[in-house]
>>> print(open('query26.cif').read())   # mmCIF, C-alpha atoms
data_structure
#
loop_
_atom_site.label_atom_id
_atom_site.label_comp_id
_atom_site.auth_asym_id
_atom_site.auth_seq_id
_atom_site.Cartn_x
_atom_site.Cartn_y
_atom_site.Cartn_z
CA MET I 227 19.48 -27.21 32.17
CA SER I 228 21.46 -24.14 31.27
CA LYS I 229 20.33 -20.58 31.75
CA THR I 230 19.95 -20.05 27.96
CA ASP I 231 17.70 -23.12 27.66
CA LYS I 232 15.41 -21.77 30.38
CA MET I 233 15.34 -18.36 28.73
CA LEU I 234 14.51 -19.89 25.33
CA ILE I 235 11.72 -21.98 26.86
CA GLY I 236 10.38 -18.84 28.56
CA ILE I 237 10.37 -16.90 25.28
CA VAL I 238 8.62 -19.69 23.38
CA ALA I 239 6.06 -20.11 26.18
CA GLY I 240 5.41 -16.35 26.17
CA ILE I 241 4.87 -16.33 22.40
CA LEU I 242 2.49 -19.28 22.65
CA LEU I 243 0.49 -17.50 25.38
CA VAL I 244 0.19 -14.35 23.26
CA VAL I 245 -0.96 -16.37 20.23
CA LEU I 246 -3.44 -18.33 22.35
CA GLY I 247 -4.79 -15.09 23.82
CA ALA I 248 -5.23 -13.57 20.38
CA VAL I 249 -7.11 -16.66 19.16
CA LEU I 250 -9.39 -16.65 22.20
CA VAL I 251 -10.17 -12.95 21.80
CA SER I 252 -11.00 -13.36 18.11
CA LEU I 253 -13.22 -16.38 18.79
CA ASN I 254 -15.13 -14.53 21.51
CA GLN I 255 -15.98 -11.54 19.31
CA PRO I 256 -19.75 -11.18 19.01
CA GLU I 257 -21.15 -11.65 15.53
CA ALA I 258 -22.34 -8.43 13.92
CA GLU I 259 -26.10 -7.96 13.96
CA TYR I 260 -28.51 -5.82 11.99
CA MET I 261 -29.49 -2.55 13.63
CA ASP I 262 -33.03 -2.38 12.19
CA ASP I 263 -33.35 1.37 12.80
CA ASN I 264 -34.42 4.04 10.34
CA THR I 265 -31.36 6.26 10.66
CA PRO I 266 -28.82 6.87 7.91
CA GLU I 267 -26.11 5.17 10.00
CA ALA I 268 -28.23 2.09 10.72
CA VAL I 269 -29.36 1.72 7.09
CA THR I 270 -25.72 2.02 5.94
CA HIS I 271 -24.60 -0.52 8.55
CA ASP I 272 -27.36 -2.94 7.56
CA TYR I 273 -26.61 -2.51 3.82
CA LEU I 274 -22.91 -3.31 4.29
CA LEU I 275 -23.63 -6.14 6.72
CA ALA I 276 -26.14 -7.66 4.28
CA LEU I 277 -23.53 -7.55 1.50
CA GLN I 278 -20.94 -9.05 3.85
CA LYS I 279 -23.29 -11.88 4.88
CA GLU I 280 -24.40 -12.31 1.25
CA ASP I 281 -27.95 -11.50 2.34
CA TYR I 282 -28.66 -9.92 -1.03
CA PRO I 283 -32.43 -9.53 -0.66
CA ARG I 284 -31.83 -7.33 2.38
CA ALA I 285 -29.08 -5.34 0.63
CA TYR I 286 -31.37 -4.82 -2.36
CA THR I 287 -34.10 -3.30 -0.18
CA SER I 288 -31.58 -0.77 1.19
CA LEU I 289 -31.13 0.82 -2.24
CA SER I 290 -33.27 3.77 -3.29
CA PRO I 291 -36.00 2.84 -5.78
CA ASP I 292 -35.30 6.24 -7.38
CA LEU I 293 -31.97 5.02 -8.79
CA PRO I 294 -32.35 5.19 -12.59
CA GLY I 295 -30.38 1.99 -13.19
CA LEU I 296 -31.61 0.03 -10.19
CA PRO I 297 -32.10 -3.61 -11.20
CA LYS I 298 -35.80 -4.25 -11.71
CA THR I 299 -35.78 -7.58 -9.86
CA LEU I 300 -33.82 -9.25 -7.12
CA GLU I 301 -32.58 -11.78 -9.69
CA ASP I 302 -31.16 -8.95 -11.82
CA PHE I 303 -29.51 -7.49 -8.71
CA LEU I 304 -27.92 -10.86 -7.86
CA GLU I 305 -26.66 -11.21 -11.42
CA GLN I 306 -25.09 -7.74 -11.30
CA ILE I 307 -23.44 -8.44 -7.93
CA GLN I 308 -22.00 -11.71 -9.28
CA TYR I 309 -20.82 -10.06 -12.50
CA ARG I 310 -19.14 -7.28 -10.51
CA SER I 311 -18.04 -9.47 -7.61
CA TRP I 312 -14.64 -7.77 -7.50
CA MET I 313 -16.43 -4.62 -6.28
CA PHE I 314 -17.96 -6.40 -3.31
CA GLU I 315 -15.63 -9.27 -2.37
CA SER I 316 -13.22 -7.31 -0.15
CA LEU I 317 -16.05 -6.78 2.33
CA ALA I 318 -15.95 -10.46 3.29
CA ASP I 319 -12.65 -10.17 5.21
CA SER I 320 -13.36 -6.75 6.65
CA SER I 321 -14.91 -5.00 9.57
CA PHE I 322 -16.45 -1.57 9.34
CA VAL I 323 -17.41 1.44 11.41
CA VAL I 324 -20.20 3.80 10.35
CA GLU I 325 -20.22 7.42 11.50
CA PRO I 326 -22.48 10.37 10.61
CA ARG I 327 -20.98 13.08 8.42
CA SER I 328 -23.81 15.41 7.43
CA ARG I 329 -27.58 15.36 7.43
CA SER I 330 -30.38 17.59 6.23
CA GLU I 331 -34.11 17.06 6.29
CA ASN I 332 -34.12 14.48 3.49
CA ARG I 333 -30.47 13.77 2.62
CA ALA I 334 -27.58 12.34 4.59
CA THR I 335 -23.94 11.44 4.12
CA VAL I 336 -22.37 8.74 6.24
CA GLU I 337 -18.63 8.10 6.67
CA VAL I 338 -17.53 4.47 6.58
CA LYS I 339 -14.18 3.13 7.75
CA ILE I 340 -13.42 -0.32 6.38
CA ILE I 341 -10.63 -2.35 7.95
CA THR I 342 -9.59 -5.18 5.64
CA PHE I 343 -7.48 -7.97 7.09
CA TYR I 344 -4.91 -10.00 5.17
CA GLU I 345 -1.99 -12.30 5.85
CA PRO I 346 0.77 -10.16 7.32
CA GLY I 347 4.08 -10.10 5.57
CA LEU I 348 7.52 -9.50 6.98
CA PHE I 349 7.11 -5.71 6.99
CA SER I 350 3.34 -5.31 7.00
CA GLY I 351 0.77 -5.19 9.77
CA GLY I 352 -1.93 -7.43 8.30
CA SER I 353 -4.64 -4.82 7.77
CA VAL I 354 -5.44 -1.74 5.73
CA THR I 355 -8.02 0.95 6.53
CA ASN I 356 -10.04 2.69 3.83
CA GLN I 357 -12.55 5.51 4.27
CA PHE I 358 -15.40 6.42 1.96
CA ALA I 359 -18.84 8.00 2.00
CA ILE I 360 -22.29 6.55 1.45
CA TYR I 361 -25.08 8.92 0.43
CA LEU I 362 -28.69 8.41 1.44
CA LYS I 363 -32.05 10.02 0.77
CA LEU I 364 -35.42 9.78 2.46
CA HIS I 365 -37.91 7.83 0.37
CA ASN I 366 -41.44 7.47 1.76
CA GLY I 367 -40.11 8.05 5.28
CA MET I 368 -37.30 5.46 4.97
CA TRP I 369 -33.60 6.18 4.46
CA LYS I 370 -32.28 4.56 1.27
CA VAL I 371 -28.77 4.35 -0.24
CA THR I 372 -28.39 6.52 -3.34
CA ASN I 373 -24.63 6.43 -4.03
CA SER I 374 -21.28 5.33 -2.68
CA ASN I 375 -17.64 5.21 -3.65
CA ASN I 376 -17.41 1.54 -2.64
CA PHE I 377 -19.73 -1.47 -2.57
CA PHE I 378 -22.06 0.18 -5.04
CA SER I 379 -22.27 -0.18 -8.82
CA SER I 380 -22.06 3.17 -10.60
CA CYS I 381 -24.27 1.83 -13.37
CA TRP I 382 -27.18 1.95 -10.90
CA LEU I 383 -26.99 5.73 -11.44
CA ASP I 384 -27.31 5.43 -15.23
CA GLN I 385 -30.50 5.48 -17.27
CA GLU I 386 -29.27 2.48 -19.24
CA PRO I 387 -29.44 -0.83 -17.38
CA CYS I 388 -26.16 -2.43 -16.30
CA LYS I 389 -24.64 -4.92 -18.67
#
>>> encode(input="query26.cif", output="C-alpha cells")
Amino acid sequence: MSKTDKMLIGIVAGILLVVLGAVLVSLNQPEAEYMDDNTPEAVTHDYLLALQKEDYPRAYTSLSPDLPGLPKTLEDFLEQIQYRSWMFESLADSSFVVEPRSRSENRATVEVKIITFYEPGLFSGGSVTNQFAIYLKLHNGMWKVTNSNNFFSSCWLDQEPCK
C-alpha cells in the first residue's frame, strides 16, 4: 500500500470518527423538561417548551387572562395556533435559552435566544440565532405571558377576536 493510500484511509477514518462522535453527543443530550417554577424565566421557558412539544393546553395556561383577544377556550386557542402555524413552526427545530432582562414588582421582561438548526449548505453553518423579548405580568400571584415578538399572536392583544 502506498503512502497516499494510507493517508487517504487515515483522513476518511478521522472524518468518520468525528461524525460518529457528533451523532453520539446529539443522541445523549437530555430531553428538555418543564421548570415548574413561578419565576418569569421559568414561565417563559415552560411556555416555549409547551409550544415546542405541542402541549397546547400547557401553553394556553401560560398566557395572561387579561389579554383582550385571548381565545375564550382551549379549542379556540388550538384553532388559532393551527391557522397561524407559520408563527410557531420554527420552534420545532430549535433550542432556546431564557435570560432575565428586567423585573419590577409586577412586570418582567425576559430575553430569549432561539437557535434554529437547518441543513447546512456549502457556505453556511447550519444554524441561525435570533433574540427577542417576552413580557410577563403578575396575575393572582402567578407570572403570565402578556406579549412577545415571536411565538405569540398579536391579535391576542386586540379587543376583536382573532379571525
>>> residues_around(input="query26.cif", residues="segment 316-326 of chain I", least_positions_apart="4", cutoff="8 Å", atoms="only C-alpha atoms", output="number ranges by chain")
I: 266-267, 270-271, 274, 277-279, 312, 335-344
>>> residues_around(input="query26.cif", residues="Asn264 of chain I", least_positions_apart="5", cutoff="8 Å", atoms="all atoms listed in the file", output="JSON, numbers by chain")
{"I": [269, 368, 369]}
>>> closest_residue(input="query26.cif", among="I:Ile237, I:Tyr309, I:Glu301, I:Asp292", to="Gln385 of chain I", atoms="all atoms listed in the file")
I:Asp292
>>> atom_distance(input="query26.cif", atom1="atom CA of Leu296 of chain I", atom2="atom CA of Trp382 of chain I")
4.9 Å
>>> residues_around(input="query26.cif", residues="Asp281 of chain I", least_positions_apart="5", cutoff="12 Å", atoms="only C-alpha atoms", output="list in words")
Tyr260, Asp272, Tyr273, Leu274, Leu275, Ala276, Tyr286, Thr287, Ser288, Leu300, Phe303, Leu304 and Ile307 of chain I
>>> atom_distance(input="query26.cif", atom1="atom CA of Phe377 of chain I", atom2="atom CA of Gly351 of chain I")
24.2 Å
>>> residues_near_point(input="query26.cif", point="(-23.8, 1.7, -10.5)", cutoff="10 Å", atoms="only C-alpha atoms", output="VMD selection string")
chain I and resid 293 to 297 306 372 to 375 377 to 384 387 to 388
>>> atom_distance(input="query26.cif", atom1="atom CA of Glu315 of chain I", atom2="atom CA of Glu280 of chain I")
10.0 Å
>>> closest_residue(input="query26.cif", among="I:Asp231, I:Arg284, I:Asn376, I:Lys370", to="Phe358 of chain I", atoms="all atoms listed in the file")
I:Asn376
>>> closest_residue(input="query26.cif", among="I:Glu259, I:Ser311, I:Glu305, I:Asn332", to="Asn366 of chain I", atoms="all atoms listed in the file")
I:Asn332
